[in-house]
file input06.txt (compact mmCIF, C-alpha atoms)
# COMPACT_ATOMS: atom_id res chain seq x y z
CA MET L 1 -174.70 40.93 -109.30
CA LEU L 2 -176.51 37.76 -108.25
CA THR L 3 -174.59 35.59 -110.71
CA LEU L 4 -172.05 32.90 -109.93
CA GLU L 5 -169.28 31.37 -111.98
CA THR L 6 -169.40 27.58 -112.09
CA LYS L 7 -167.53 24.88 -113.97
CA LYS L 8 -170.34 24.95 -116.53
CA GLY L 9 -170.46 28.74 -116.95
CA THR L 10 -172.43 31.51 -115.32
CA ALA L 11 -175.31 30.63 -113.01
CA THR L 12 -178.00 33.31 -112.81
CA PRO L 13 -180.96 33.01 -110.46
CA THR L 14 -184.34 32.24 -111.90
CA PHE L 15 -186.90 33.31 -109.35
CA ASN L 16 -189.39 30.47 -109.54
CA TYR L 17 -190.70 27.36 -107.80
CA LEU L 18 -187.45 25.45 -108.41
CA LEU L 19 -185.49 28.14 -106.56
CA TYR L 20 -188.01 27.85 -103.71
CA LYS L 21 -187.52 24.06 -103.60
CA ASN L 22 -183.74 24.47 -103.66
CA ILE L 23 -183.96 26.84 -100.69
CA ALA L 24 -186.67 25.00 -98.75
CA GLY L 25 -185.59 21.42 -99.48
CA GLU L 26 -187.33 18.31 -100.72
CA ASP L 27 -189.18 17.45 -97.50
CA ARG L 28 -192.66 18.93 -98.06
CA ASP L 29 -193.41 18.87 -94.32
CA LYS L 30 -190.45 21.14 -93.56
CA ARG L 31 -190.53 23.44 -96.60
CA ALA L 32 -192.66 26.20 -95.12
CA ASP L 33 -190.55 26.37 -91.94
CA LYS L 34 -187.27 26.33 -93.86
CA PHE L 35 -188.40 29.01 -96.29
CA ASN L 36 -189.79 31.15 -93.45
CA SER L 37 -186.47 30.81 -91.66
CA PHE L 38 -184.69 31.84 -94.87
CA LEU L 39 -186.94 34.92 -95.14
CA ASP L 40 -186.36 35.79 -91.46
CA GLY L 41 -182.64 35.78 -92.12
CA LEU L 42 -182.90 37.57 -95.43
CA PHE L 43 -184.86 40.49 -94.00
CA SER L 44 -182.37 40.62 -91.10
CA ASP L 45 -179.35 40.73 -93.44
CA ASN L 46 -178.19 37.34 -92.21
CA VAL L 47 -175.12 36.03 -94.03
CA ASP L 48 -176.34 32.43 -93.80
CA SER L 49 -179.49 33.33 -95.76
CA VAL L 50 -177.33 34.86 -98.47
CA ILE L 51 -175.28 31.65 -98.63
CA THR L 52 -178.49 29.59 -98.71
CA PHE L 53 -179.76 31.66 -101.62
CA PHE L 54 -176.57 31.27 -103.65
CA LYS L 55 -176.42 27.54 -102.87
CA ALA L 56 -179.93 27.29 -104.31
CA VAL L 57 -178.82 29.19 -107.42
CA ALA L 58 -175.69 27.07 -107.91
CA GLY L 59 -177.41 23.76 -107.27
CA ASN L 60 -174.79 21.04 -107.44
CA LEU L 61 -172.42 23.09 -109.60
CA LEU L 62 -170.38 24.43 -106.66
CA LYS L 63 -169.39 23.04 -103.29
CA GLU L 64 -170.36 25.26 -100.37
CA ASP L 65 -166.77 26.25 -99.57
CA GLU L 66 -166.15 27.17 -103.23
CA LEU L 67 -169.34 29.19 -103.25
CA VAL L 68 -168.47 31.10 -100.05
CA ASP L 69 -164.93 31.74 -101.34
CA GLN L 70 -166.35 33.15 -104.58
CA LEU L 71 -168.82 35.36 -102.72
CA SER L 72 -165.97 36.65 -100.54
CA GLU L 73 -163.70 37.30 -103.51
CA ASP L 74 -166.51 39.13 -105.31
CA GLY L 75 -167.06 41.35 -102.25
CA ARG L 76 -170.63 40.19 -101.73
CA PHE L 77 -170.17 40.10 -97.96
CA ASP L 78 -168.94 43.72 -97.92
CA ASP L 79 -172.47 45.09 -98.14
CA ILE L 80 -174.89 42.36 -97.08
CA HIS L 81 -177.81 44.79 -97.04
CA GLU L 82 -177.32 45.56 -100.72
CA VAL L 83 -177.15 41.86 -101.61
CA THR L 84 -180.22 40.95 -99.54
CA SER L 85 -182.11 43.88 -101.08
CA GLU L 86 -181.34 42.59 -104.54
CA ILE L 87 -182.49 39.09 -103.57
CA ILE L 88 -185.68 40.50 -102.02
CA LYS L 89 -186.35 42.49 -105.19
CA GLY L 90 -186.08 39.32 -107.27
CA LEU L 91 -188.39 37.41 -104.92
CA VAL L 92 -191.00 40.19 -104.89
CA ASN L 93 -191.07 40.30 -108.69
CA ALA L 94 -191.85 36.58 -109.00
CA GLY L 95 -195.51 35.65 -108.55
CA PHE L 96 -195.17 32.45 -106.51
CA LEU L 97 -192.31 33.76 -104.37
CA LYS L 98 -194.12 37.05 -103.78
CA ALA L 99 -197.09 35.02 -102.56
CA LYS L 100 -194.77 33.13 -100.19
CA ILE L 101 -193.47 36.43 -98.77
CA ASN L 102 -197.05 37.66 -98.27
CA GLU L 103 -197.88 34.36 -96.56
CA TRP L 104 -194.85 34.79 -94.28
CA MET L 105 -195.98 38.33 -93.39
CA ARG L 106 -199.50 37.12 -92.54
CA TYR L 107 -198.01 34.33 -90.41
CA GLY L 108 -195.98 36.90 -88.46
CA ASP L 109 -199.09 38.99 -87.87
CA ARG L 110 -201.03 35.94 -86.64
CA LEU L 111 -198.15 34.98 -84.37
CA ILE L 112 -198.10 38.43 -82.78
CA LYS L 113 -201.88 38.33 -82.21
CA GLY L 114 -201.65 34.89 -80.63
CA MET L 115 -198.80 35.91 -78.36
CA ASN L 116 -200.71 39.02 -77.29
CA LYS L 117 -203.72 36.87 -76.40
CA SER L 118 -201.51 34.62 -74.29
CA LEU L 119 -200.50 37.68 -72.24
CA GLU L 120 -204.16 38.07 -71.23
CA LEU L 121 -204.31 34.62 -69.64
CA LYS L 122 -204.37 34.73 -65.86
CA SER L 123 -202.58 31.38 -65.62
CA VAL L 124 -199.44 32.78 -67.25
CA LYS L 125 -196.78 33.78 -64.73
CA THR L 126 -195.34 37.31 -64.69
CA GLU L 127 -191.92 36.03 -65.72
CA GLU L 128 -193.40 34.22 -68.74
CA LYS L 129 -195.39 37.33 -69.67
CA GLU L 130 -192.23 39.43 -69.62
CA MET L 131 -190.41 36.97 -71.89
CA THR L 132 -193.39 36.79 -74.22
CA GLN L 133 -193.54 40.58 -74.38
CA ILE L 134 -189.86 40.72 -75.33
CA GLN L 135 -190.51 38.18 -78.10
CA ILE L 136 -193.52 40.16 -79.32
CA ASP L 137 -191.48 43.37 -79.41
CA GLN L 138 -188.68 41.66 -81.37
CA LEU L 139 -191.13 40.11 -83.80
CA LYS L 140 -192.91 43.45 -84.31
CA GLU L 141 -189.56 45.13 -84.97
CA ASN L 142 -188.61 42.43 -87.50
CA MET L 143 -191.99 42.65 -89.23
CA GLU L 144 -191.78 46.45 -89.42
CA MET L 145 -188.28 46.24 -90.89
CA ALA L 146 -189.53 43.72 -93.47
CA LYS L 147 -192.44 46.01 -94.41
CA GLU L 148 -190.05 48.94 -94.86
CA ARG L 149 -187.73 46.90 -97.06
CA LEU L 150 -190.63 45.63 -99.15
CA ALA L 151 -191.92 49.18 -99.56
CA ALA L 152 -188.43 50.31 -100.66
CA VAL L 153 -188.25 47.50 -103.24
CA ASN L 154 -191.67 48.37 -104.62
CA LYS L 155 -190.74 52.01 -105.29
call {"tool": "encode", "arguments": {"input": "input06.txt", "output": "C-alpha cells"}}
result
Amino acid sequence: MLTLETKKGTATPTFNYLLYKNIAGEDRDKRADKFNSFLDGLFSDNVDSVITFFKAVAGNLLKEDELVDQLSEDGRFDDIHEVTSEIIKGLVNAGFLKAKINEWMRYGDRLIKGMNKSLELKSVKTEEKEMTQIQIDQLKENMEMAKERLAAVNK
C-alpha cells in the first residue's frame, strides 16, 4: 500500500538512512528538527507528514502535485490513520529509524520535565505558567498517543 507509480515504474519505500535523509533534508544542522517535526505529524495523523513521506519515497521521480493527485486517486487520504500506521510500522522495523523514534520519545520526555521545572520558578508569571501547563498537557497527550500507537504496531 505504500507504493507509488512513477515514470520509471513502481517506487516502494526502503526504510533506511536514505529515506531519513530524504525526509529530513541535506542540512545536517536541521535534520533532527525536521525529522522530529515529521514524527510529530505522523503520530498525529497529519496529512502533510504523509505527503512528506511519499515525497521521500518518490525522490525526484514525481512532482509534488502529481504525487498528491496519485495519493488522492488511490484513496490514501480516505483513512490517514491506516496510512500513518503502516508508515510507523515500517519505521519501527528498521534499526536506524527505530532508534530515531526512540530518540524523539526521549526528547519529548526531557521537554516535559524541563517545562515542569519551569513551572516551579517563582519568577514565572501566572499567565506564563498557565500557558506552559497547557503546552505540557498537549505534549503529554501527544506522547501518550505515540506510545499507544507504537505498542499497537509492536503487537
call {"tool": "closest_residue", "arguments": {"input": "input06.txt", "among": "L:Asn36, L:Asn93, L:Asn22, L:Thr10", "to": "Lys55 in chain L", "atoms": "all atoms listed in the file"}}
result
L:Asn22
call {"tool": "atom_distance", "arguments": {"input": "input06.txt", "atom1": "CA of Leu67 in chain L", "atom2": "CA of Ile23 in chain L"}}
result
15.0 Å
call {"tool": "closest_atom_pairs", "arguments": {"input": "input06.txt", "of": "range 17-132 of chain L", "to": "range 136-142 of chain L", "cutoff": "12 Å", "atoms": "all atoms listed in the file", "output": "CSV"}}
result
residue,atom,partner,partner_atom,distance
L:Leu39,CA,L:Asn142,CA,10.8
L:Asp40,CA,L:Asn142,CA,8.1
L:Gly41,CA,L:Asn142,CA,10.1
L:Leu42,CA,L:Asn142,CA,10.9
L:Phe43,CA,L:Asn142,CA,7.8
L:Ser44,CA,L:Asn142,CA,7.4
L:Asp45,CA,L:Asn142,CA,11.1
L:Trp104,CA,L:Asn142,CA,12.0
L:Met105,CA,L:Asn142,CA,10.3
L:Tyr107,CA,L:Leu139,CA,11.2
L:Gly108,CA,L:Leu139,CA,7.5
L:Asp109,CA,L:Lys140,CA,8.4
L:Arg110,CA,L:Leu139,CA,11.1
L:Leu111,CA,L:Ile136,CA,8.6
L:Ile112,CA,L:Ile136,CA,6.0
L:Lys113,CA,L:Ile136,CA,9.0
L:Gly114,CA,L:Ile136,CA,9.8
L:Met115,CA,L:Ile136,CA,6.8
L:Asn116,CA,L:Ile136,CA,7.6
L:Lys117,CA,L:Ile136,CA,11.1
L:Ser118,CA,L:Ile136,CA,10.9
L:Leu119,CA,L:Ile136,CA,10.2
L:Lys129,CA,L:Ile136,CA,10.2
L:Glu130,CA,L:Ile136,CA,9.8
L:Met131,CA,L:Ile136,CA,8.7
L:Thr132,CA,L:Ile136,CA,6.1
call {"tool": "residues_around", "arguments": {"input": "input06.txt", "residues": "Ala152 in chain L", "least_positions_apart": "3", "cutoff": "12 Å", "atoms": "all atoms listed in the file", "output": "PDB file with C-alpha atoms, in the frame of the given file"}}
result
ATOM      1  CA  SER L  85    -182.110  43.880-101.080  1.00  0.00           C
ATOM      2  CA  GLU L  86    -181.340  42.590-104.540  1.00  0.00           C
ATOM      3  CA  ILE L  88    -185.680  40.500-102.020  1.00  0.00           C
ATOM      4  CA  LYS L  89    -186.350  42.490-105.190  1.00  0.00           C
ATOM      5  CA  VAL L  92    -191.000  40.190-104.890  1.00  0.00           C
ATOM      6  CA  MET L 145    -188.280  46.240 -90.890  1.00  0.00           C
ATOM      7  CA  ALA L 146    -189.530  43.720 -93.470  1.00  0.00           C
ATOM      8  CA  LYS L 147    -192.440  46.010 -94.410  1.00  0.00           C
ATOM      9  CA  GLU L 148    -190.050  48.940 -94.860  1.00  0.00           C
ATOM     10  CA  ARG L 149    -187.730  46.900 -97.060  1.00  0.00           C
ATOM     11  CA  LYS L 155    -190.740  52.010-105.290  1.00  0.00           C
TER      12      LYS L 155
END
call {"tool": "atom_distance", "arguments": {"input": "input06.txt", "atom1": "CA of Phe35 in chain L", "atom2": "CA of Ile101 in chain L"}}
result
9.3 Å
call {"tool": "closest_atom_pairs", "arguments": {"input": "input06.txt", "of": "range 31-149 of chain L", "to": "range 2-6 of chain L", "cutoff": "9 Å", "atoms": "only C-alpha atoms", "output": "Markdown table"}}
result
| residue | atom | partner | partner_atom | distance |
| --- | --- | --- | --- | --- |
| L:Phe54 | CA | L:Leu4 | CA | 7.9 |
| L:Val57 | CA | L:Leu4 | CA | 8.1 |
| L:Ala58 | CA | L:Leu4 | CA | 7.2 |
| L:Leu61 | CA | L:Thr6 | CA | 6.0 |
| L:Leu62 | CA | L:Thr6 | CA | 6.4 |
| L:Leu67 | CA | L:Leu4 | CA | 8.1 |
| L:Gln70 | CA | L:Leu4 | CA | 7.8 |
| L:Leu71 | CA | L:Leu4 | CA | 8.3 |
| L:Val83 | CA | L:Leu2 | CA | 7.8 |
| L:Glu86 | CA | L:Leu2 | CA | 7.8 |
| L:Ile87 | CA | L:Leu2 | CA | 7.7 |
call {"tool": "atom_distance", "arguments": {"input": "input06.txt", "atom1": "CA of Leu18 in chain L", "atom2": "CA of Val153 in chain L"}}
result
22.7 Å
call {"tool": "closest_residue", "arguments": {"input": "input06.txt", "among": "L:Ile80, L:Ala56, L:Leu97, L:Ile51", "to": "Gly25 in chain L", "atoms": "all atoms listed in the file"}}
result
L:Ala56
call {"tool": "closest_residue", "arguments": {"input": "input06.txt", "among": "L:Phe38, L:Phe96, L:Gly90, L:Thr126", "to": "Thr12 in chain L", "atoms": "only C-alpha atoms"}}
result
L:Gly90
call {"tool": "closest_residue", "arguments": {"input": "input06.txt", "among": "L:Met1, L:Leu121, L:Leu19, L:Ala24", "to": "Gly75 in chain L", "atoms": "all atoms listed in the file"}}
result
L:Met1
call {"tool": "build_atoms", "arguments": {"input": "input06.txt", "residues": "range 108-132 of chain L", "atoms": "N, CA and C atoms", "output": "tab-separated table (two decimals), keeping the file's coordinate frame"}}
result
chain	number	residue	atom	x	y	z
L	108	GLY	N	-196.55	36.07	-89.51
L	108	GLY	CA	-195.98	36.90	-88.46
L	108	GLY	C	-197.04	37.70	-87.73
L	109	ASP	N	-197.99	38.24	-88.49
L	109	ASP	CA	-199.09	38.99	-87.87
L	109	ASP	C	-199.93	38.09	-86.96
L	110	ARG	N	-200.24	36.88	-87.44
L	110	ARG	CA	-201.03	35.94	-86.64
L	110	ARG	C	-200.27	35.53	-85.37
L	111	LEU	N	-198.98	35.36	-85.51
L	111	LEU	CA	-198.15	34.98	-84.37
L	111	LEU	C	-198.17	36.08	-83.31
L	112	ILE	N	-198.05	37.31	-83.72
L	112	ILE	CA	-198.10	38.43	-82.78
L	112	ILE	C	-199.45	38.48	-82.07
L	113	LYS	N	-200.53	38.31	-82.82
L	113	LYS	CA	-201.88	38.33	-82.21
L	113	LYS	C	-202.03	37.20	-81.19
L	114	GLY	N	-201.56	36.03	-81.55
L	114	GLY	CA	-201.65	34.89	-80.63
L	114	GLY	C	-200.83	35.09	-79.37
L	115	MET	N	-199.65	35.65	-79.52
L	115	MET	CA	-198.80	35.91	-78.36
L	115	MET	C	-199.43	36.98	-77.46
L	116	ASN	N	-200.03	37.99	-78.08
L	116	ASN	CA	-200.71	39.02	-77.29
L	116	ASN	C	-201.86	38.44	-76.49
L	117	LYS	N	-202.60	37.51	-77.10
L	117	LYS	CA	-203.72	36.87	-76.40
L	117	LYS	C	-203.20	36.05	-75.22
L	118	SER	N	-202.05	35.43	-75.38
L	118	SER	CA	-201.51	34.62	-74.29
L	118	SER	C	-201.13	35.50	-73.09
L	119	LEU	N	-200.81	36.77	-73.34
L	119	LEU	CA	-200.50	37.68	-72.24
L	119	LEU	C	-201.72	37.97	-71.37
L	120	GLU	N	-202.92	37.80	-71.95
L	120	GLU	CA	-204.16	38.07	-71.23
L	120	GLU	C	-204.57	36.92	-70.30
L	121	LEU	N	-203.95	35.78	-70.47
L	121	LEU	CA	-204.31	34.62	-69.64
L	121	LEU	C	-203.84	34.83	-68.21
L	122	LYS	N	-204.71	34.55	-67.28
L	122	LYS	CA	-204.37	34.73	-65.86
L	122	LYS	C	-203.43	33.64	-65.37
L	123	SER	N	-203.42	32.50	-66.06
L	123	SER	CA	-202.58	31.38	-65.62
L	123	SER	C	-201.11	31.56	-66.00
L	124	VAL	N	-200.82	32.55	-66.82
L	124	VAL	CA	-199.44	32.78	-67.25
L	124	VAL	C	-198.72	33.61	-66.19
L	125	LYS	N	-197.55	33.11	-65.78
L	125	LYS	CA	-196.78	33.78	-64.73
L	125	LYS	C	-196.18	35.09	-65.25
L	126	THR	N	-195.90	35.99	-64.35
L	126	THR	CA	-195.34	37.31	-64.69
L	126	THR	C	-194.05	37.17	-65.48
L	127	GLU	N	-193.20	36.26	-65.05
L	127	GLU	CA	-191.92	36.03	-65.72
L	127	GLU	C	-192.13	35.60	-67.17
L	128	GLU	N	-193.08	34.70	-67.38
L	128	GLU	CA	-193.40	34.22	-68.74
L	128	GLU	C	-193.99	35.35	-69.58
L	129	LYS	N	-194.80	36.19	-68.96
L	129	LYS	CA	-195.39	37.33	-69.67
L	129	LYS	C	-194.30	38.30	-70.12
L	130	GLU	N	-193.31	38.52	-69.27
L	130	GLU	CA	-192.23	39.43	-69.62
L	130	GLU	C	-191.42	38.88	-70.80
L	131	MET	N	-191.15	37.59	-70.78
L	131	MET	CA	-190.41	36.97	-71.89
L	131	MET	C	-191.23	37.02	-73.17
L	132	THR	N	-192.51	36.75	-73.05
L	132	THR	CA	-193.39	36.79	-74.22
L	132	THR	C	-193.44	38.20	-74.79
